[in-house]
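Student: The structure's right below; bear with me while I get my questions together.
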Amino acid sequence: MANIAFIPVRGGSKSIPLKNIKPLCEKPLVYWTIAACESATCIDKIIIATDSQLIADTVSDFKFQKVAIYNRSPENAQDTSSTESVMLEYILNTHLDPNDYFFLIQATSPLTGAYDIDSAFELLLREKKDSLLSCVLTKRFFWTKSGESVNYDFCNRPRRQDFDGFLMENGAIYINKVGNILKFKNRLSGSIAVYEMPEYTGIEIDEPDDWIILEALMKKYVIQPQRLNFSKFKLVLTDVDGVLTDGGMYYSEYGDELKKFNTRDGMGFELLRKHGIKTGIITSENTQLVKKRGEKIKADYIIQNKKYGSKLDTALEICKKEGIDISETVYIGDDINCFSLLTKVGFAACPADAVAEIKKIPGITILSHKGGEGVFRELADMFLIHKQENIVDVQTVECFSNISENKLFLDGKTIINS
């Protein structure tokens with residue numbers, strides 16, 4: 001059984017000519033989704049289905065290991081051709097095993113990361129569903145052309161924060177078994193799982209103005225973290241409540257305190273350990289729960305009962321013991337008791353639902369997941385991908401941050417190693 005990522009890319013596009021290889025942040029658009037699939041641990045093979053020799057040559061120049069080119073037929077590369085038609089063409093012509101998992105990954109969703117692909121597959125298996133699609137949560141109010149409200153009662157307009165909203169397809173990820181696709185002639189079938197992605201991944205590339213918006217999002221969420229030299233970091237530290245957990249306080253009927261941890265974070269610790277990177281937990285709490293969790297994930301350091309500024313002191317002590325500088329340390333925290341440490345480490349990150357004061361720290365990376373939802377795994381994946389690929393090496397750089405927009409500006413001599 002194999003997991004196959006299928007990326008259909010036509011040569012024709014009326015709104016944006018040769019859209020799939022048009023440069024986006026200095027690389028062809030299709031590069032970004034291929035790179036995500038290449039880095040996803042669950043993907044065994046990547047198929048680029050194209051009718052264009054120019055696109056095929058461009059993709060071949062990337063030198064990715066998992067990639068193979070499939071020359072789709074002209075009849076399934078028309079403006080009116082469905083994605084299902086080329087999926088079925090490839091499956092029938094290559095005689096895939098019905099039990100193979102087929103990942104439809106859209107080239108027009110470059111904000112999709114390896115973490116999303118792996119996490120979506122884990123969700124599909126965990127929930128024992130037949131197929132999966134990715135969505136974003138939207139809290140917009142919709143109307144029909146005839147003046148009828150679709151998803152809310154306009155006579156009792158809810159506040160946005162009280163509105164549950166609706167999940168909208170973002171077209172990034174679809175997963176199904178080959179046998180199901182052959183049977184139902186559809187990318188989705190049976191019992192369907194929904195993998196929720198950040199709201200900013202909901203953008204569609206249909207017009208030139210969409211390209212401008214997408215480039216801004218790419219620079220904020222994808223390119224900015226790559227501008228640091230991740231190879232220098234030797235230690236990754238994290239807070240517990242609000243990072244490894246959702247920050248909730250749970251109690252049993254007998255008054256026992258409970259915490260909910262995410263198994264994907266445990267894999268994040270394991271991945272870092274396999275690459276020789278030390279890990280540690282620093283928390284203001286002092287519980288057996290944290291001790292047991294830290295021991296299970298084999299964290300190198302489990303330091304509890306540290307308040308406010310003492311977290312920084314503790315991190316400095318660990319650095320001294322390891323013979324490294326605080327600038328070689330990564331830390332992820334979510335609340336004001338993490339502030340001093342976050343402002344001193346070489347790379348600071350926080351969950352998407354961190355408090356406002358933390359999000360305003362100059363240069364901090366705001367991750368796309370909330371605390372307790374696998375945010376440490378997201379950090380670990382991002383860290384390892386950039387560390388291994390050494391995408392960008394920055395020397396003699398001064399960093400300035402626009403706090404209100406959380407944008408990192410670099411000034412000085414920048415050397416790019418491609």
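Naming scheme: A, B, ... for chains in displayed order of the structure tokens; residues 1 onward per chain; ligands 1 onward as shown.
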Just want the 10 Å neighbourhood of stretch 129-134 of chain A, counted on only C-alpha atoms, with same-chain residues fewer than 6 positions away dropped. Output as an mmCIF file with N, CA and C atoms, in the first residue's frame.

Tutor:
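File written: part.cif
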```
data_model
loop_
_atom_site.group_PDB
_atom_site.id
_atom_site.type_symbol
_atom_site.label_atom_id
_atom_site.label_comp_id
_atom_site.auth_asym_id
_atom_site.auth_seq_id
_atom_site.Cartn_x
_atom_site.Cartn_y
_atom_site.Cartn_z
ATOM 1 N N TYR A 101 -3.726 5.061 -0.844
ATOM 2 C CA TYR A 101 -4.357 6.341 -0.520
ATOM 3 C C TYR A 101 -3.944 7.373 -1.569
ATOM 4 N N PHE A 102 -4.927 8.100 -2.050
ATOM 5 C CA PHE A 102 -4.729 9.073 -3.125
ATOM 6 C C PHE A 102 -4.963 10.468 -2.553
ATOM 7 N N PHE A 103 -3.916 11.282 -2.527
ATOM 8 C CA PHE A 103 -3.973 12.634 -1.992
ATOM 9 C C PHE A 103 -4.056 13.608 -3.168
ATOM 10 N N LEU A 104 -5.180 14.279 -3.327
ATOM 11 C CA LEU A 104 -5.281 15.343 -4.324
ATOM 12 C C LEU A 104 -4.825 16.631 -3.655
ATOM 13 N N ASP A 116 0.319 20.127 7.551
ATOM 14 C CA ASP A 116 -1.103 19.970 7.228
ATOM 15 C C ASP A 116 -1.372 18.628 6.552
ATOM 16 N N ILE A 117 -0.512 18.232 5.632
ATOM 17 C CA ILE A 117 -0.701 16.973 4.922
ATOM 18 C C ILE A 117 -0.605 15.791 5.879
ATOM 19 N N ALA A 120 -3.616 15.900 8.356
ATOM 20 C CA ALA A 120 -4.875 15.505 7.725
ATOM 21 C C ALA A 120 -4.956 13.988 7.604
ATOM 22 N N PHE A 121 -3.856 13.363 7.226
ATOM 23 C CA PHE A 121 -3.843 11.902 7.088
ATOM 24 C C PHE A 121 -4.017 11.227 8.455
ATOM 25 N N LEU A 123 -5.638 12.444 10.938
ATOM 26 C CA LEU A 123 -7.048 12.632 11.299
ATOM 27 C C LEU A 123 -7.931 11.602 10.593
ATOM 28 N N LEU A 167 -17.862 25.825 7.851
ATOM 29 C CA LEU A 167 -16.624 25.356 7.253
ATOM 30 C C LEU A 167 -16.737 25.427 5.731
ATOM 31 N N MET A 168 -15.738 26.050 5.102
ATOM 32 C CA MET A 168 -15.726 26.257 3.661
ATOM 33 C C MET A 168 -14.529 25.524 3.050
ATOM 34 N N GLU A 169 -14.755 24.806 1.954
ATOM 35 C CA GLU A 169 -13.639 24.140 1.277
ATOM 36 C C GLU A 169 -12.595 25.167 0.854
ATOM 37 N N ASN A 170 -11.327 24.863 1.125
ATOM 38 C CA ASN A 170 -10.267 25.741 0.629
ATOM 39 C C ASN A 170 -9.509 25.114 -0.536
ATOM 40 N N GLY A 171 -9.914 23.902 -0.937
ATOM 41 C CA GLY A 171 -9.339 23.280 -2.128
ATOM 42 C C GLY A 171 -7.915 22.802 -1.984
ATOM 43 N N ALA A 172 -7.411 22.701 -0.762
ATOM 44 C CA ALA A 172 -6.000 22.365 -0.568
ATOM 45 C C ALA A 172 -5.731 20.864 -0.565
ATOM 46 N N ILE A 173 -6.494 20.105 0.235
ATOM 47 C CA ILE A 173 -6.204 18.686 0.443
ATOM 48 C C ILE A 173 -7.483 17.861 0.333
ATOM 49 N N TYR A 174 -7.414 16.783 -0.436
ATOM 50 C CA TYR A 174 -8.473 15.776 -0.488
ATOM 51 C C TYR A 174 -7.790 14.415 -0.411
ATOM 52 N N ILE A 175 -8.333 13.520 0.396
ATOM 53 C CA ILE A 175 -7.742 12.176 0.519
ATOM 54 C C ILE A 175 -8.846 11.134 0.388
ATOM 55 N N ASN A 176 -8.575 10.100 -0.391
ATOM 56 C CA ASN A 176 -9.502 8.983 -0.533
ATOM 57 C C ASN A 176 -8.704 7.770 -0.976
ATOM 58 N N LYS A 177 -9.283 6.599 -0.884
ATOM 59 C CA LYS A 177 -8.625 5.405 -1.395
ATOM 60 C C LYS A 177 -8.899 5.278 -2.888
ATOM 61 N N ASN A 180 -12.177 3.626 -3.841
ATOM 62 C CA ASN A 180 -13.363 4.482 -3.694
ATOM 63 C C ASN A 180 -13.500 5.455 -4.859
ATOM 64 N N ILE A 181 -12.384 5.987 -5.315
ATOM 65 C CA ILE A 181 -12.421 6.939 -6.434
ATOM 66 C C ILE A 181 -12.901 6.234 -7.703
ATOM 67 N N ARG A 187 -13.648 12.505 -5.874
ATOM 68 C CA ARG A 187 -12.540 12.621 -4.923
ATOM 69 C C ARG A 187 -12.974 12.331 -3.486
ATOM 70 N N LEU A 188 -14.277 12.475 -3.206
ATOM 71 C CA LEU A 188 -14.816 12.225 -1.872
ATOM 72 C C LEU A 188 -15.900 11.164 -1.943
ATOM 73 N N SER A 189 -16.021 10.389 -0.878
ATOM 74 C CA SER A 189 -17.085 9.385 -0.829
ATOM 75 C C SER A 189 -17.219 8.852 0.594
ATOM 76 N N GLY A 190 -18.372 8.225 0.848
ATOM 77 C CA GLY A 190 -18.592 7.580 2.137
ATOM 78 C C GLY A 190 -18.645 8.559 3.290
ATOM 79 N N SER A 191 -18.107 8.146 4.418
ATOM 80 C CA SER A 191 -18.042 8.988 5.614
ATOM 81 C C SER A 191 -16.838 9.924 5.483
ATOM 82 N N ILE A 192 -17.088 11.225 5.572
ATOM 83 C CA ILE A 192 -16.055 12.219 5.244
ATOM 84 C C ILE A 192 -15.552 12.947 6.490
ATOM 85 N N ALA A 193 -14.223 12.995 6.639
ATOM 86 C CA ALA A 193 -13.588 13.758 7.711
ATOM 87 C C ALA A 193 -13.254 15.152 7.204
ATOM 88 N N VAL A 194 -13.268 16.128 8.103
ATOM 89 C CA VAL A 194 -12.938 17.510 7.742
ATOM 90 C C VAL A 194 -11.707 17.943 8.521
ATOM 91 N N TYR A 195 -10.667 18.346 7.793
ATOM 92 C CA TYR A 195 -9.456 18.866 8.414
ATOM 93 C C TYR A 195 -9.481 20.386 8.307
ATOM 94 N N GLU A 196 -9.507 21.056 9.451
ATOM 95 C CA GLU A 196 -9.608 22.513 9.457
ATOM 96 C C GLU A 196 -8.235 23.159 9.375
ATOM 97 N N MET A 197 -8.094 24.074 8.421
ATOM 98 C CA MET A 197 -6.857 24.819 8.242
ATOM 99 C C MET A 197 -7.077 26.287 8.614
ATOM 100 N N THR A 201 -5.706 30.442 4.648
ATOM 101 C CA THR A 201 -5.475 29.510 3.546
ATOM 102 C C THR A 201 -6.690 29.404 2.625
ATOM 103 N N GLY A 202 -7.727 30.179 2.895
ATOM 104 C CA GLY A 202 -8.943 30.114 2.093
ATOM 105 C C GLY A 202 -8.901 30.930 0.812
#
```

Student: Mind checking DSSP for stretch 260-346 of chain A and telling me the helix (DSSP H, G or I) residues as a compact mmCIF listing (two decimals) with N, CA and C atoms, in the first residue's frame?

Tutor:
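part-v4.txt, written as the output of this step:
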```
# COMPACT_ATOMS: atom_id res chain seq x y z
N THR A 263 -1.28 14.11 21.08
CA THR A 263 -0.29 13.08 20.74
C THR A 263 0.68 13.55 19.65
N ARG A 264 0.22 14.44 18.77
CA ARG A 264 1.11 14.92 17.70
C ARG A 264 2.29 15.71 18.27
N ASP A 265 2.07 16.38 19.39
CA ASP A 265 3.18 17.08 20.03
C ASP A 265 4.24 16.09 20.51
N GLY A 266 3.78 14.93 21.00
CA GLY A 266 4.73 13.90 21.43
C GLY A 266 5.63 13.47 20.29
N MET A 267 5.05 13.35 19.08
CA MET A 267 5.86 13.01 17.91
C MET A 267 6.82 14.14 17.58
N GLY A 268 6.41 15.38 17.83
CA GLY A 268 7.31 16.51 17.61
C GLY A 268 8.57 16.40 18.45
N PHE A 269 8.41 16.03 19.73
CA PHE A 269 9.56 15.83 20.61
C PHE A 269 10.44 14.72 20.08
N GLU A 270 9.81 13.64 19.61
CA GLU A 270 10.58 12.49 19.10
C GLU A 270 11.37 12.86 17.86
N LEU A 271 10.75 13.61 16.96
CA LEU A 271 11.44 14.02 15.73
C LEU A 271 12.66 14.89 16.04
N LEU A 272 12.50 15.82 16.96
CA LEU A 272 13.62 16.68 17.35
C LEU A 272 14.74 15.85 17.97
N ARG A 273 14.35 14.90 18.82
CA ARG A 273 15.34 14.05 19.49
C ARG A 273 16.13 13.23 18.47
N LYS A 274 15.44 12.69 17.45
CA LYS A 274 16.10 11.89 16.43
C LYS A 274 17.12 12.70 15.64
N GLN A 288 2.23 16.33 39.07
CA GLN A 288 2.68 15.02 38.63
C GLN A 288 2.29 14.77 37.18
N LEU A 289 1.18 15.40 36.76
CA LEU A 289 0.73 15.25 35.38
C LEU A 289 1.80 15.69 34.40
N VAL A 290 2.36 16.88 34.64
CA VAL A 290 3.39 17.41 33.75
C VAL A 290 4.64 16.54 33.82
N LYS A 291 4.99 16.10 35.02
CA LYS A 291 6.16 15.25 35.19
C LYS A 291 6.02 13.96 34.39
N LYS A 292 4.85 13.33 34.48
CA LYS A 292 4.62 12.07 33.77
C LYS A 292 4.61 12.29 32.26
N ARG A 293 3.97 13.39 31.82
CA ARG A 293 3.94 13.68 30.39
C ARG A 293 5.35 13.94 29.87
N GLY A 294 6.11 14.73 30.61
CA GLY A 294 7.47 15.03 30.20
C GLY A 294 8.35 13.80 30.11
N GLU A 295 8.14 12.88 31.05
CA GLU A 295 8.92 11.63 31.02
C GLU A 295 8.50 10.75 29.85
N LYS A 296 7.20 10.74 29.54
CA LYS A 296 6.72 9.90 28.44
C LYS A 296 7.26 10.38 27.10
N SER A 310 11.67 34.09 36.25
CA SER A 310 12.50 32.93 36.58
C SER A 310 12.57 31.94 35.43
N LYS A 311 11.63 32.00 34.47
CA LYS A 311 11.71 31.12 33.30
C LYS A 311 12.95 31.44 32.49
N LEU A 312 13.25 32.73 32.36
CA LEU A 312 14.46 33.13 31.66
C LEU A 312 15.69 32.64 32.40
N ASP A 313 15.72 32.81 33.72
CA ASP A 313 16.86 32.34 34.52
C ASP A 313 17.06 30.84 34.34
N THR A 314 15.95 30.10 34.33
CA THR A 314 16.04 28.65 34.16
C THR A 314 16.60 28.29 32.79
N ALA A 315 16.12 28.98 31.76
CA ALA A 315 16.63 28.72 30.41
C ALA A 315 18.12 29.02 30.31
N LEU A 316 18.56 30.10 30.95
CA LEU A 316 19.98 30.45 30.95
C LEU A 316 20.81 29.38 31.64
N GLU A 317 20.26 28.81 32.72
CA GLU A 317 20.96 27.72 33.42
C GLU A 317 21.09 26.49 32.54
N ILE A 318 20.04 26.18 31.81
CA ILE A 318 20.08 25.03 30.90
C ILE A 318 21.11 25.27 29.80
N CYS A 319 21.12 26.49 29.26
CA CYS A 319 22.08 26.83 28.21
C CYS A 319 23.51 26.69 28.70
N LYS A 320 23.74 27.13 29.92
CA LYS A 320 25.08 27.04 30.51
C LYS A 320 25.50 25.58 30.63
N LYS A 321 24.58 24.74 31.07
CA LYS A 321 24.86 23.31 31.22
C LYS A 321 25.15 22.66 29.87
N GLU A 322 24.44 23.11 28.83
CA GLU A 322 24.61 22.54 27.50
C GLU A 322 25.78 23.17 26.74
N ILE A 326 21.94 31.58 24.72
CA ILE A 326 20.48 31.71 24.66
C ILE A 326 20.02 31.99 23.22
N SER A 327 20.90 32.58 22.40
CA SER A 327 20.56 32.86 21.00
C SER A 327 20.46 31.58 20.17
N GLU A 328 20.93 30.47 20.70
CA GLU A 328 20.84 29.18 20.01
C GLU A 328 19.64 28.36 20.49
N ILE A 336 1.89 36.11 29.50
CA ILE A 336 2.84 37.13 29.94
C ILE A 336 3.97 36.58 30.81
N ASN A 337 3.77 35.43 31.46
CA ASN A 337 4.86 34.86 32.25
C ASN A 337 5.95 34.26 31.37
N CYS A 338 5.72 34.24 30.07
CA CYS A 338 6.73 33.77 29.11
C CYS A 338 7.45 34.95 28.43
N PHE A 339 7.00 36.16 28.72
CA PHE A 339 7.44 37.34 27.96
C PHE A 339 8.96 37.52 27.97
N SER A 340 9.58 37.53 29.14
CA SER A 340 11.01 37.83 29.23
C SER A 340 11.84 36.79 28.48
N LEU A 341 11.46 35.52 28.57
CA LEU A 341 12.20 34.48 27.87
C LEU A 341 12.02 34.59 26.37
N LEU A 342 10.80 34.88 25.93
CA LEU A 342 10.53 35.01 24.50
C LEU A 342 11.31 36.15 23.86
```

Student: When you look at stretch 368-377 of chain A with a cut-off of 6 Å (counting only C-alpha atoms), what residues show up, excluding the ones that are within fewer than 3 positions of it in the same chain? I need them as a PyMOL selection string.

Tutor: chain A and resi 242-246+262+264-265+268+351-353+380

Student: Separation of atom CA of A:Glu26 and atom CA of A:Gln106, in Å?

Tutor: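 A separation of 19.2 Å between them.
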
Student: Given the choices A:Asp153, A:Leu237, A:Asp300, A:His275, which gets closest to A:Gly346 if the distance is worked out from only C-alpha atoms?

Tutor: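 Ranking A:Asp153, A:Leu237, A:Asp300, A:His275 by distance to A:Gly346, first place goes to A:Leu237.
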
Student: How far is it from atom CA of A:Asp239 to atom CA of A:Glu285, in Å with one decimal?

Tutor: 9.8 Å

Student: Would you mind listing what lies within 9 Å of A:Val178 as a list in words, with only C-alpha atoms counted and same-chain residues fewer than 5 positions away left out?

Tutor: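 Here the answer would be Ile91, Leu96, Asp97, Pro98, Asn99, Asp100, Tyr101, Phe102 and Lys183 of chain A.
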